[in-house]
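Engineer: query-v2.tsv is reproduced in full below (TSV, N, CA and C atoms).
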```tsv
chain	number	residue	atom	x	y	z
A	1	MET	N	-40.23	-161.64	130.04
A	1	MET	CA	-41.63	-161.89	129.78
A	1	MET	C	-42.09	-163.01	130.71
A	2	THR	N	-43.18	-162.81	131.38
A	2	THR	CA	-43.71	-163.84	132.26
A	2	THR	C	-44.81	-164.60	131.53
A	3	ASP	N	-45.14	-165.75	132.07
A	3	ASP	CA	-46.18	-166.56	131.46
A	3	ASP	C	-47.53	-165.85	131.47
A	4	ALA	N	-47.74	-164.91	132.39
A	4	ALA	CA	-49.01	-164.19	132.50
A	4	ALA	C	-49.23	-163.26	131.31
A	5	THR	N	-48.17	-162.88	130.58
A	5	THR	CA	-48.33	-161.95	129.47
A	5	THR	C	-48.50	-162.67	128.13
A	6	VAL	N	-48.54	-163.99	128.14
A	6	VAL	CA	-48.71	-164.73	126.89
A	6	VAL	C	-50.12	-164.51	126.38
A	7	VAL	N	-50.21	-164.02	125.15
A	7	VAL	CA	-51.48	-163.70	124.55
A	7	VAL	C	-51.99	-164.84	123.67
A	8	ARG	N	-51.06	-165.53	123.00
A	8	ARG	CA	-51.47	-166.59	122.07
A	8	ARG	C	-50.42	-167.69	122.05
A	9	GLU	N	-50.80	-168.82	121.50
A	9	GLU	CA	-49.86	-169.93	121.33
A	9	GLU	C	-48.98	-169.65	120.12
A	10	PRO	N	-47.72	-170.02	120.20
A	10	PRO	CA	-46.82	-169.74	119.07
A	10	PRO	C	-47.00	-170.70	117.91
A	11	ASP	N	-46.60	-170.25	116.77
A	11	ASP	CA	-46.55	-171.09	115.57
A	11	ASP	C	-45.46	-172.14	115.79
A	12	PRO	N	-45.75	-173.41	115.57
A	12	PRO	CA	-44.74	-174.47	115.78
A	12	PRO	C	-43.46	-174.26	114.98
A	13	SER	N	-43.57	-173.60	113.84
A	13	SER	CA	-42.35	-173.36	113.04
A	13	SER	C	-41.39	-172.41	113.77
A	14	LEU	N	-41.92	-171.55	114.64
A	14	LEU	CA	-41.05	-170.67	115.42
A	14	LEU	C	-40.26	-171.45	116.47
A	15	ILE	N	-40.87	-172.49	117.00
A	15	ILE	CA	-40.15	-173.34	117.96
A	15	ILE	C	-38.98	-174.01	117.24
A	16	THR	N	-39.23	-174.50	116.03
A	16	THR	CA	-38.17	-175.10	115.23
A	16	THR	C	-37.08	-174.07	114.92
A	17	THR	N	-37.49	-172.87	114.56
A	17	THR	CA	-36.52	-171.80	114.28
A	17	THR	C	-35.63	-171.55	115.48
A	18	LEU	N	-36.23	-171.50	116.66
A	18	LEU	CA	-35.44	-171.26	117.86
A	18	LEU	C	-34.49	-172.41	118.17
A	19	HIS	N	-34.93	-173.64	117.94
A	19	HIS	CA	-34.02	-174.77	118.13
A	19	HIS	C	-32.82	-174.64	117.18
A	20	VAL	N	-33.09	-174.22	115.95
A	20	VAL	CA	-32.01	-174.04	114.98
A	20	VAL	C	-31.06	-172.93	115.42
A	21	THR	N	-31.61	-171.81	115.91
A	21	THR	CA	-30.71	-170.70	116.31
A	21	THR	C	-29.92	-171.06	117.56
A	22	TYR	N	-30.53	-171.76	118.51
A	22	TYR	CA	-29.76	-172.23	119.66
A	22	TYR	C	-28.66	-173.19	119.20
A	23	ALA	N	-28.99	-174.06	118.25
A	23	ALA	CA	-28.00	-175.01	117.73
A	23	ALA	C	-26.87	-174.26	117.02
A	24	LEU	N	-27.19	-173.22	116.27
A	24	LEU	CA	-26.15	-172.44	115.61
A	24	LEU	C	-25.23	-171.78	116.64
A	25	HIS	N	-25.80	-171.21	117.68
A	25	HIS	CA	-24.97	-170.63	118.74
A	25	HIS	C	-24.10	-171.71	119.39
A	26	ALA	N	-24.68	-172.88	119.63
A	26	ALA	CA	-23.93	-173.98	120.25
A	26	ALA	C	-22.79	-174.43	119.34
A	27	VAL	N	-23.03	-174.48	118.04
A	27	VAL	CA	-21.97	-174.84	117.09
A	27	VAL	C	-20.86	-173.80	117.14
A	28	GLY	N	-21.23	-172.53	117.18
A	28	GLY	CA	-20.22	-171.47	117.29
A	28	GLY	C	-19.37	-171.63	118.54
A	29	LEU	N	-20.01	-171.93	119.65
A	29	LEU	CA	-19.29	-172.13	120.91
A	29	LEU	C	-18.40	-173.38	120.84
A	30	ALA	N	-18.92	-174.45	120.25
A	30	ALA	CA	-18.16	-175.70	120.14
A	30	ALA	C	-16.94	-175.54	119.24
A	31	ILE	N	-17.09	-174.78	118.17
A	31	ILE	CA	-15.95	-174.53	117.28
A	31	ILE	C	-14.83	-173.87	118.07
A	32	GLY	N	-15.19	-172.93	118.93
A	32	GLY	CA	-14.18	-172.27	119.75
A	32	GLY	C	-13.58	-173.20	120.78
A	33	ALA	N	-14.40	-174.06	121.36
A	33	ALA	CA	-13.91	-174.97	122.40
A	33	ALA	C	-13.04	-176.07	121.82
A	34	LEU	N	-13.36	-176.53	120.63
A	34	LEU	CA	-12.66	-177.68	120.06
A	34	LEU	C	-11.64	-177.30	118.98
A	35	GLY	N	-11.67	-176.06	118.54
A	35	GLY	CA	-10.77	-175.64	117.47
A	35	GLY	C	-9.68	-174.71	117.95
A	36	ALA	N	-9.09	-174.03	117.00
A	36	ALA	CA	-7.97	-173.13	117.30
A	36	ALA	C	-8.44	-171.78	117.83
A	37	ALA	N	-9.71	-171.44	117.59
A	37	ALA	CA	-10.24	-170.14	118.04
A	37	ALA	C	-10.65	-170.24	119.51
A	38	SER	N	-10.85	-169.09	120.13
A	38	SER	CA	-11.36	-169.08	121.50
A	38	SER	C	-12.88	-169.26	121.47
A	39	VAL	N	-13.43	-169.70	122.57
A	39	VAL	CA	-14.89	-169.89	122.66
A	39	VAL	C	-15.58	-168.56	122.39
A	40	LEU	N	-15.14	-167.51	123.06
A	40	LEU	CA	-15.78	-166.21	122.90
A	40	LEU	C	-15.59	-165.67	121.49
A	41	GLY	N	-14.38	-165.79	120.97
A	41	GLY	CA	-14.11	-165.29	119.61
A	41	GLY	C	-14.96	-165.99	118.58
A	42	SER	N	-15.10	-167.29	118.72
A	42	SER	CA	-15.93	-168.05	117.79
A	42	SER	C	-17.40	-167.68	117.93
A	43	PHE	N	-17.84	-167.42	119.17
A	43	PHE	CA	-19.23	-167.03	119.42
A	43	PHE	C	-19.53	-165.67	118.81
A	44	LEU	N	-18.60	-164.72	118.95
A	44	LEU	CA	-18.85	-163.36	118.48
A	44	LEU	C	-18.60	-163.18	116.99
A	45	PHE	N	-17.61	-163.87	116.46
A	45	PHE	CA	-17.20	-163.61	115.08
A	45	PHE	C	-17.42	-164.78	114.13
A	46	GLY	N	-17.87	-165.92	114.65
A	46	GLY	CA	-18.10	-167.09	113.81
A	46	GLY	C	-19.42	-166.98	113.06
A	47	TRP	N	-19.45	-167.56	111.87
A	47	TRP	CA	-20.66	-167.46	111.05
A	47	TRP	C	-21.88	-168.10	111.70
A	48	PRO	N	-21.77	-169.20	112.48
A	48	PRO	CA	-23.01	-169.76	113.04
A	48	PRO	C	-23.76	-168.77	113.94
A	49	SER	N	-23.05	-168.10	114.83
A	49	SER	CA	-23.72	-167.17	115.74
A	49	SER	C	-24.21	-165.92	115.02
A	50	ILE	N	-23.46	-165.47	114.05
A	50	ILE	CA	-23.89	-164.28	113.29
A	50	ILE	C	-25.17	-164.60	112.53
A	51	ILE	N	-25.22	-165.77	111.92
A	51	ILE	CA	-26.46	-166.18	111.22
A	51	ILE	C	-27.61	-166.29	112.22
A	52	ALA	N	-27.35	-166.87	113.40
A	52	ALA	CA	-28.39	-167.02	114.42
A	52	ALA	C	-28.95	-165.67	114.84
A	53	VAL	N	-28.09	-164.70	115.05
A	53	VAL	CA	-28.56	-163.37	115.47
A	53	VAL	C	-29.39	-162.71	114.37
A	54	ILE	N	-28.96	-162.86	113.13
A	54	ILE	CA	-29.73	-162.30	112.02
A	54	ILE	C	-31.12	-162.94	111.97
A	55	VAL	N	-31.18	-164.27	112.08
A	55	VAL	CA	-32.46	-164.98	112.08
A	55	VAL	C	-33.32	-164.51	113.26
A	56	ASN	N	-32.69	-164.32	114.44
A	56	ASN	CA	-33.43	-163.82	115.61
A	56	ASN	C	-34.09	-162.48	115.32
A	57	TYR	N	-33.35	-161.57	114.72
A	57	TYR	CA	-33.91	-160.25	114.41
A	57	TYR	C	-35.04	-160.34	113.38
A	58	VAL	N	-34.86	-161.19	112.38
A	58	VAL	CA	-35.87	-161.32	111.32
A	58	VAL	C	-37.15	-161.96	111.85
A	59	GLN	N	-37.04	-162.96	112.72
A	59	GLN	CA	-38.19	-163.74	113.15
A	59	GLN	C	-38.84	-163.28	114.46
A	60	ARG	N	-38.19	-162.44	115.21
A	60	ARG	CA	-38.74	-162.12	116.54
A	60	ARG	C	-40.10	-161.44	116.51
A	61	GLY	N	-40.40	-160.70	115.48
A	61	GLY	CA	-41.71	-160.06	115.38
A	61	GLY	C	-42.85	-161.05	115.29
A	62	HIS	N	-42.58	-162.24	114.73
A	62	HIS	CA	-43.60	-163.27	114.60
A	62	HIS	C	-43.93	-163.92	115.95
A	63	ALA	N	-43.07	-163.70	116.94
A	63	ALA	CA	-43.28	-164.32	118.25
A	63	ALA	C	-43.94	-163.38	119.25
A	64	ARG	N	-44.26	-162.18	118.84
A	64	ARG	CA	-44.88	-161.22	119.76
A	64	ARG	C	-46.15	-161.81	120.37
A	65	GLY	N	-46.27	-161.66	121.69
A	65	GLY	CA	-47.45	-162.15	122.39
A	65	GLY	C	-47.40	-163.63	122.72
A	66	THR	N	-46.26	-164.27	122.48
A	66	THR	CA	-46.11	-165.69	122.82
A	66	THR	C	-44.96	-165.85	123.81
A	67	TRP	N	-44.88	-167.01	124.40
A	67	TRP	CA	-43.78	-167.28	125.33
A	67	TRP	C	-42.44	-167.37	124.61
A	68	LEU	N	-42.46	-167.50	123.29
A	68	LEU	CA	-41.21	-167.57	122.51
A	68	LEU	C	-40.53	-166.21	122.38
A	69	GLU	N	-41.29	-165.15	122.58
A	69	GLU	CA	-40.72	-163.80	122.48
A	69	GLU	C	-39.51	-163.65	123.38
A	70	SER	N	-39.57	-164.24	124.57
A	70	SER	CA	-38.46	-164.14	125.51
A	70	SER	C	-37.21	-164.83	124.99
A	71	HIS	N	-37.36	-165.89	124.22
A	71	HIS	CA	-36.21	-166.62	123.69
A	71	HIS	C	-35.47	-165.82	122.62
A	72	PHE	N	-36.23	-165.14	121.77
A	72	PHE	CA	-35.58	-164.30	120.76
A	72	PHE	C	-34.81	-163.18	121.46
A	73	ALA	N	-35.44	-162.53	122.44
A	73	ALA	CA	-34.76	-161.46	123.18
A	73	ALA	C	-33.53	-162.00	123.92
A	74	TRP	N	-33.65	-163.18	124.51
A	74	TRP	CA	-32.56	-163.81	125.27
A	74	TRP	C	-31.33	-164.02	124.38
A	75	GLN	N	-31.54	-164.57	123.20
A	75	GLN	CA	-30.42	-164.83	122.31
A	75	GLN	C	-29.79	-163.54	121.80
A	76	ILE	N	-30.62	-162.58	121.46
A	76	ILE	CA	-30.09	-161.30	120.97
A	76	ILE	C	-29.31	-160.61	122.08
A	77	ARG	N	-29.87	-160.57	123.29
A	77	ARG	CA	-29.16	-159.94	124.42
A	77	ARG	C	-27.87	-160.66	124.75
A	78	THR	N	-27.88	-161.98	124.70
A	78	THR	CA	-26.67	-162.74	124.99
A	78	THR	C	-25.56	-162.34	124.04
A	79	PHE	N	-25.87	-162.27	122.76
A	79	PHE	CA	-24.86	-161.90	121.77
A	79	PHE	C	-24.34	-160.48	122.00
A	80	TRP	N	-25.24	-159.52	122.15
A	80	TRP	CA	-24.80	-158.12	122.25
A	80	TRP	C	-24.15	-157.81	123.60
A	81	TYR	N	-24.60	-158.45	124.67
A	81	TYR	CA	-23.92	-158.28	125.95
A	81	TYR	C	-22.51	-158.84	125.87
A	82	ALA	N	-22.34	-159.97	125.19
A	82	ALA	CA	-21.01	-160.55	125.02
A	82	ALA	C	-20.11	-159.61	124.23
A	83	VAL	N	-20.66	-158.99	123.19
A	83	VAL	CA	-19.89	-158.01	122.42
A	83	VAL	C	-19.47	-156.85	123.32
A	84	GLY	N	-20.42	-156.31	124.07
A	84	GLY	CA	-20.11	-155.16	124.93
A	84	GLY	C	-19.09	-155.49	126.01
A	85	TRP	N	-19.28	-156.62	126.69
A	85	TRP	CA	-18.34	-156.99	127.74
A	85	TRP	C	-16.96	-157.33	127.17
A	86	ALA	N	-16.93	-157.94	125.99
A	86	ALA	CA	-15.64	-158.25	125.35
A	86	ALA	C	-14.90	-156.97	125.01
A	87	ALA	N	-15.62	-155.98	124.50
A	87	ALA	CA	-14.99	-154.69	124.19
A	87	ALA	C	-14.45	-154.04	125.46
A	88	LEU	N	-15.21	-154.12	126.54
A	88	LEU	CA	-14.76	-153.53	127.81
A	88	LEU	C	-13.51	-154.24	128.33
A	89	VAL	N	-13.51	-155.56	128.30
A	89	VAL	CA	-12.34	-156.33	128.75
A	89	VAL	C	-11.13	-155.98	127.88
A	90	PHE	N	-11.35	-155.90	126.58
A	90	PHE	CA	-10.25	-155.56	125.68
A	90	PHE	C	-9.68	-154.19	125.99
A	91	LEU	N	-10.56	-153.21	126.15
A	91	LEU	CA	-10.11	-151.84	126.42
A	91	LEU	C	-9.44	-151.71	127.79
A	92	MET	N	-9.93	-152.46	128.77
A	92	MET	CA	-9.31	-152.42	130.10
A	92	MET	C	-7.92	-153.05	130.08
A	93	GLY	N	-7.75	-154.10	129.32
A	93	GLY	CA	-6.48	-154.80	129.28
A	93	GLY	C	-5.45	-154.13	128.39
A	94	LEU	N	-5.91	-153.38	127.40
A	94	LEU	CA	-5.00	-152.79	126.41
A	94	LEU	C	-3.89	-151.95	127.02
A	95	PRO	N	-4.20	-150.97	127.86
A	95	PRO	CA	-3.10	-150.14	128.39
A	95	PRO	C	-2.17	-150.92	129.33
A	96	LEU	N	-2.65	-152.02	129.87
A	96	LEU	CA	-1.84	-152.79	130.81
A	96	LEU	C	-1.01	-153.87	130.14
A	97	THR	N	-1.11	-153.98	128.81
A	97	THR	CA	-0.30	-154.99	128.12
A	97	THR	C	1.18	-154.67	128.22
A	98	LEU	N	1.53	-153.41	128.35
A	98	LEU	CA	2.94	-153.05	128.50
A	98	LEU	C	3.53	-153.64	129.78
A	99	LEU	N	2.69	-153.82	130.78
A	99	LEU	CA	3.13	-154.41	132.04
A	99	LEU	C	2.85	-155.92	132.08
A	100	LEU	N	2.37	-156.45	130.98
A	100	LEU	CA	2.00	-157.86	130.82
A	100	LEU	C	0.76	-158.26	131.62
A	101	VAL	N	0.26	-157.37	132.46
A	101	VAL	CA	-0.96	-157.64	133.22
A	101	VAL	C	-2.17	-157.68	132.29
A	102	GLY	N	-2.12	-156.91	131.23
A	102	GLY	CA	-3.24	-156.87	130.27
A	102	GLY	C	-3.54	-158.22	129.67
A	103	PHE	N	-2.49	-159.01	129.43
A	103	PHE	CA	-2.71	-160.35	128.87
A	103	PHE	C	-3.46	-161.25	129.85
A	104	VAL	N	-3.19	-161.07	131.13
A	104	VAL	CA	-3.90	-161.83	132.16
A	104	VAL	C	-5.36	-161.38	132.22
A	105	ILE	N	-5.58	-160.07	132.15
A	105	ILE	CA	-6.95	-159.54	132.14
A	105	ILE	C	-7.71	-160.09	130.95
A	106	TRP	N	-7.06	-160.09	129.79
A	106	TRP	CA	-7.72	-160.63	128.59
A	106	TRP	C	-8.03	-162.11	128.75
A	107	GLY	N	-7.07	-162.87	129.21
A	107	GLY	CA	-7.27	-164.32	129.35
A	107	GLY	C	-8.40	-164.65	130.30
A	108	VAL	N	-8.36	-164.05	131.48
A	108	VAL	CA	-9.40	-164.32	132.48
A	108	VAL	C	-10.75	-163.77	132.03
A	109	GLY	N	-10.75	-162.56	131.50
A	109	GLY	CA	-12.00	-161.92	131.07
A	109	GLY	C	-12.66	-162.66	129.93
A	110	PHE	N	-11.89	-163.01	128.90
A	110	PHE	CA	-12.47	-163.69	127.75
A	110	PHE	C	-12.88	-165.12	128.09
A	111	PHE	N	-12.12	-165.79	128.95
A	111	PHE	CA	-12.50	-167.14	129.39
A	111	PHE	C	-13.83	-167.07	130.15
A	112	THR	N	-13.95	-166.12	131.06
A	112	THR	CA	-15.17	-165.96	131.85
A	112	THR	C	-16.36	-165.66	130.95
A	113	LEU	N	-16.17	-164.80	129.97
A	113	LEU	CA	-17.26	-164.49	129.04
A	113	LEU	C	-17.65	-165.71	128.20
A	114	GLY	N	-16.68	-166.54	127.84
A	114	GLY	CA	-16.98	-167.76	127.11
A	114	GLY	C	-17.84	-168.70	127.93
A	115	VAL	N	-17.49	-168.87	129.19
A	115	VAL	CA	-18.28	-169.73	130.09
A	115	VAL	C	-19.68	-169.15	130.25
A	116	TRP	N	-19.77	-167.83	130.40
A	116	TRP	CA	-21.06	-167.16	130.54
A	116	TRP	C	-21.93	-167.39	129.30
A	117	ALA	N	-21.33	-167.30	128.11
A	117	ALA	CA	-22.10	-167.51	126.87
A	117	ALA	C	-22.59	-168.95	126.78
A	118	ILE	N	-21.75	-169.91	127.16
A	118	ILE	CA	-22.17	-171.31	127.17
A	118	ILE	C	-23.36	-171.49	128.11
A	119	TYR	N	-23.26	-170.91	129.30
A	119	TYR	CA	-24.35	-171.00	130.28
A	119	TYR	C	-25.65	-170.41	129.72
A	120	ARG	N	-25.57	-169.23	129.10
A	120	ARG	CA	-26.76	-168.57	128.60
A	120	ARG	C	-27.44	-169.38	127.49
A	121	ILE	N	-26.64	-169.90	126.58
A	121	ILE	CA	-27.22	-170.68	125.48
A	121	ILE	C	-27.82	-171.98	126.02
A	122	ALA	N	-27.12	-172.64	126.93
A	122	ALA	CA	-27.64	-173.89	127.51
A	122	ALA	C	-28.91	-173.64	128.29
A	123	ARG	N	-28.93	-172.60	129.11
A	123	ARG	CA	-30.11	-172.31	129.92
A	123	ARG	C	-31.32	-171.98	129.04
A	124	GLY	N	-31.12	-171.17	128.03
A	124	GLY	CA	-32.21	-170.82	127.13
A	124	GLY	C	-32.74	-172.02	126.37
A	125	TRP	N	-31.82	-172.85	125.88
A	125	TRP	CA	-32.23	-174.02	125.10
A	125	TRP	C	-33.00	-175.01	125.97
A	126	MET	N	-32.56	-175.18	127.21
A	126	MET	CA	-33.29	-176.08	128.12
A	126	MET	C	-34.69	-175.55	128.40
A	127	ALA	N	-34.83	-174.25	128.58
A	127	ALA	CA	-36.15	-173.67	128.80
A	127	ALA	C	-37.04	-173.89	127.57
A	128	LEU	N	-36.48	-173.75	126.39
A	128	LEU	CA	-37.23	-173.99	125.16
A	128	LEU	C	-37.68	-175.45	125.09
A	129	ARG	N	-36.80	-176.36	125.42
A	129	ARG	CA	-37.15	-177.79	125.41
A	129	ARG	C	-38.31	-178.09	126.36
A	130	HIS	N	-38.40	-177.34	127.45
A	130	HIS	CA	-39.48	-177.54	128.42
A	130	HIS	C	-40.68	-176.62	128.15
A	131	ARG	N	-40.62	-175.95	127.00
A	131	ARG	CA	-41.71	-175.07	126.56
A	131	ARG	C	-42.03	-173.97	127.57
A	132	ARG	N	-40.96	-173.35	128.09
A	132	ARG	CA	-41.09	-172.26	129.06
A	132	ARG	C	-40.41	-171.02	128.52
A	133	ALA	N	-40.93	-169.88	128.95
A	133	ALA	CA	-40.24	-168.62	128.66
A	133	ALA	C	-38.95	-168.60	129.43
A	134	VAL	N	-37.99	-167.86	128.94
A	134	VAL	CA	-36.70	-167.76	129.62
A	134	VAL	C	-36.57	-166.33	130.15
A	135	SER	N	-36.03	-166.21	131.35
A	135	SER	CA	-35.86	-164.87	131.93
A	135	SER	C	-34.56	-164.78	132.69
```
Could the structure of this file be written out as structure tokens, please?
Structural biologist:
Amino acid sequence: MTDATVVREPDPSLITTLHVTYALHAVGLAIGALGAASVLGSFLFGWPSIIAVIVNYVQRGHARGTWLESHFAWQIRTFWYAVGWAALVFLMGLPLTLLLVGFVIWGVGFFTLGVWAIYRIARGWMALRHRRAVS
């Protein structure tokens, strides 16, 4: 969504909602980085990110026609792209685990996806802080 398509100013409560959902995603990522789980695993299967995605789906209709619409889409896409790419990495590595190469594919693939998720959440949250649409 570009700034030219903004029809109206958003409700301030939606800005707060987005800060909360970005924070939930960040907590999910931090749990993985600082705990026993992986960053990606915590992002995909941890309760903070799952709650954030549910809130995104419930609230995104209220942001239609505002610059916040892009933030709801950004968070939802980040989550589902991470799910899709994680499934692909898992399936690609699975048959190669017998040769032990699969474990390397999993390690590199899941690490890369974790870094990508951190980047996406940070980039989106910074755009929100500057009151800009994210693309």
Engineer: If we count all atoms listed in the file, what is near range 70-84 of chain A at a cut-off of 6 Å, once residues fewer than 6 positions away on the same chain are taken out, given as a PDB file with N, CA and C atoms, in the frame of the given file?
Structural biologist:
```pdb
ATOM      1  N   MET A   1     -40.230-161.640 130.040  1.00  0.00           N
ATOM      2  CA  MET A   1     -41.630-161.890 129.780  1.00  0.00           C
ATOM      3  C   MET A   1     -42.090-163.010 130.710  1.00  0.00           C
ATOM      4  N   ASN A  56     -32.690-164.320 114.440  1.00  0.00           N
ATOM      5  CA  ASN A  56     -33.430-163.820 115.610  1.00  0.00           C
ATOM      6  C   ASN A  56     -34.090-162.480 115.320  1.00  0.00           C
ATOM      7  N   ARG A  60     -38.190-162.440 115.210  1.00  0.00           N
ATOM      8  CA  ARG A  60     -38.740-162.120 116.540  1.00  0.00           C
ATOM      9  C   ARG A  60     -40.100-161.440 116.510  1.00  0.00           C
ATOM     10  N   ALA A 133     -40.930-169.880 128.950  1.00  0.00           N
ATOM     11  CA  ALA A 133     -40.240-168.620 128.660  1.00  0.00           C
ATOM     12  C   ALA A 133     -38.950-168.600 129.430  1.00  0.00           C
ATOM     13  N   VAL A 134     -37.990-167.860 128.940  1.00  0.00           N
ATOM     14  CA  VAL A 134     -36.700-167.760 129.620  1.00  0.00           C
ATOM     15  C   VAL A 134     -36.570-166.330 130.150  1.00  0.00           C
TER      16      VAL A 134
END
```
Engineer: Per DSSP on the backbone, filter chain A down to the residues in alpha helix (DSSP H) and report them as a PyMOL selection string.
Structural biologist: chain A and resi 12-34+39-45+47-59+69-93+101-129
Engineer: So, counting only C-alpha atoms, which residue among A:Leu68, A:Ala117, A:Leu128, A:Ala86 is closest to Arg8 in chain A?
Structural biologist: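 That would be A:Leu68, the residue with the smallest distance to Arg8 in chain A.
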Engineer: Could you tell me how far CA of Val27 in chain A sits from atom C of Gly102 in chain A, in Å to one decimal place?
Structural biologist: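 These two atoms are separated by 27.8 Å.
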Engineer: Can you list, as an MDAnalysis selection string, every protein, DNA or RNA residue that comes within 12 Å of Leu91 in chain A when you count only C-alpha atoms, leaving out same-chain residues fewer than 3 positions away?
Structural biologist: chainID A and resid 84:88 94:97 102:103 105:106 109
Engineer: Quick one, how far is CA of Phe110 in chain A from CA of Ile51 in chain A?
Structural biologist: 21.8 Å
Engineer: Could you work out how far CA of Ser49 in chain A lies from CA of Trp116 in chain A, giving the answer in Å with one decimal?
Structural biologist: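 Answer for the CA of Trp116 in chain A to CA of Ser49 in chain A separation: 15.0 Å.
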Engineer: What lies within 9 Å of Ala52 in chain A using only C-alpha atoms, ignoring chain neighbours under 5 positions off, as a ChimeraX atom specification?
Structural biologist: /A:18,20-25,47,57,75-76
Engineer: Quick one: of A:Val108, A:Val53, A:His62, A:Ala33, who's nearest to Ser13 in chain A, counting only C-alpha atoms?
Structural biologist: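 Checking each of A:Val108, A:Val53, A:His62, A:Ala33 against Ser13 in chain A, counting only C-alpha atoms, the winner is A:His62.
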Engineer: Looking at all atoms listed in the file, which of A:Gly35, A:Arg129, A:Pro10, A:Thr16 is the one that sits closest to Glu69 in chain A?
Structural biologist: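 Nearest candidate to Glu69 in chain A out of A:Gly35, A:Arg129, A:Pro10, A:Thr16: A:Pro10.
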Engineer: Ranking A:Val89, A:Val104, A:Val55, A:Leu98 by minimum distance to Leu40 in chain A and counting only C-alpha atoms, which one comes first?
Structural biologist: A:Val89
Engineer: Would you pick out the contacts of Arg131 in chain A at 9 Å or less, using only C-alpha atoms, so that residues sharing its chain but fewer than 4 positions from it are not included, and give the list as a PyMOL selection string?
Structural biologist: chain A and resi 15+67-68+126-127
Engineer: Saving range 84-110 of chain A with C-alpha atoms, as a PDB file, in the first residue's frame, what would that file be?
Structural biologist:
```
ATOM      1  CA  GLY A  84       5.758 -21.925   4.240  1.00  0.00           C
ATOM      2  CA  TRP A  85       9.522 -21.548   4.002  1.00  0.00           C
ATOM      3  CA  ALA A  86      10.032 -23.579   7.192  1.00  0.00           C
ATOM      4  CA  ALA A  87       7.938 -26.398   5.740  1.00  0.00           C
ATOM      5  CA  LEU A  88       9.963 -26.274   2.519  1.00  0.00           C
ATOM      6  CA  VAL A  89      13.296 -26.349   4.393  1.00  0.00           C
ATOM      7  CA  PHE A  90      12.039 -29.232   6.517  1.00  0.00           C
ATOM      8  CA  LEU A  91      10.868 -31.238   3.511  1.00  0.00           C
ATOM      9  CA  MET A  92      14.079 -30.561   1.575  1.00  0.00           C
ATOM     10  CA  GLY A  93      16.255 -31.661   4.478  1.00  0.00           C
ATOM     11  CA  LEU A  94      14.209 -34.705   5.467  1.00  0.00           C
ATOM     12  CA  PRO A  95      15.375 -37.161   2.788  1.00  0.00           C
ATOM     13  CA  LEU A  96      18.969 -36.011   3.244  1.00  0.00           C
ATOM     14  CA  THR A  97      19.063 -36.693   6.980  1.00  0.00           C
ATOM     15  CA  LEU A  98      20.246 -40.227   6.229  1.00  0.00           C
ATOM     16  CA  LEU A  99      23.383 -38.668   4.765  1.00  0.00           C
ATOM     17  CA  LEU A 100      23.546 -36.169   7.662  1.00  0.00           C
ATOM     18  CA  VAL A 101      23.383 -33.336   5.114  1.00  0.00           C
ATOM     19  CA  GLY A 102      19.738 -32.771   6.030  1.00  0.00           C
ATOM     20  CA  PHE A 103      20.725 -31.604   9.497  1.00  0.00           C
ATOM     21  CA  VAL A 104      22.972 -28.958   7.936  1.00  0.00           C
ATOM     22  CA  ILE A 105      20.153 -27.867   5.611  1.00  0.00           C
ATOM     23  CA  TRP A 106      17.831 -27.593   8.600  1.00  0.00           C
ATOM     24  CA  GLY A 107      20.337 -25.668  10.704  1.00  0.00           C
ATOM     25  CA  VAL A 108      21.248 -23.166   8.006  1.00  0.00           C
ATOM     26  CA  GLY A 109      17.688 -22.854   6.684  1.00  0.00           C
ATOM     27  CA  PHE A 110      16.012 -22.366  10.050  1.00  0.00           C
TER      28      PHE A 110
END
```
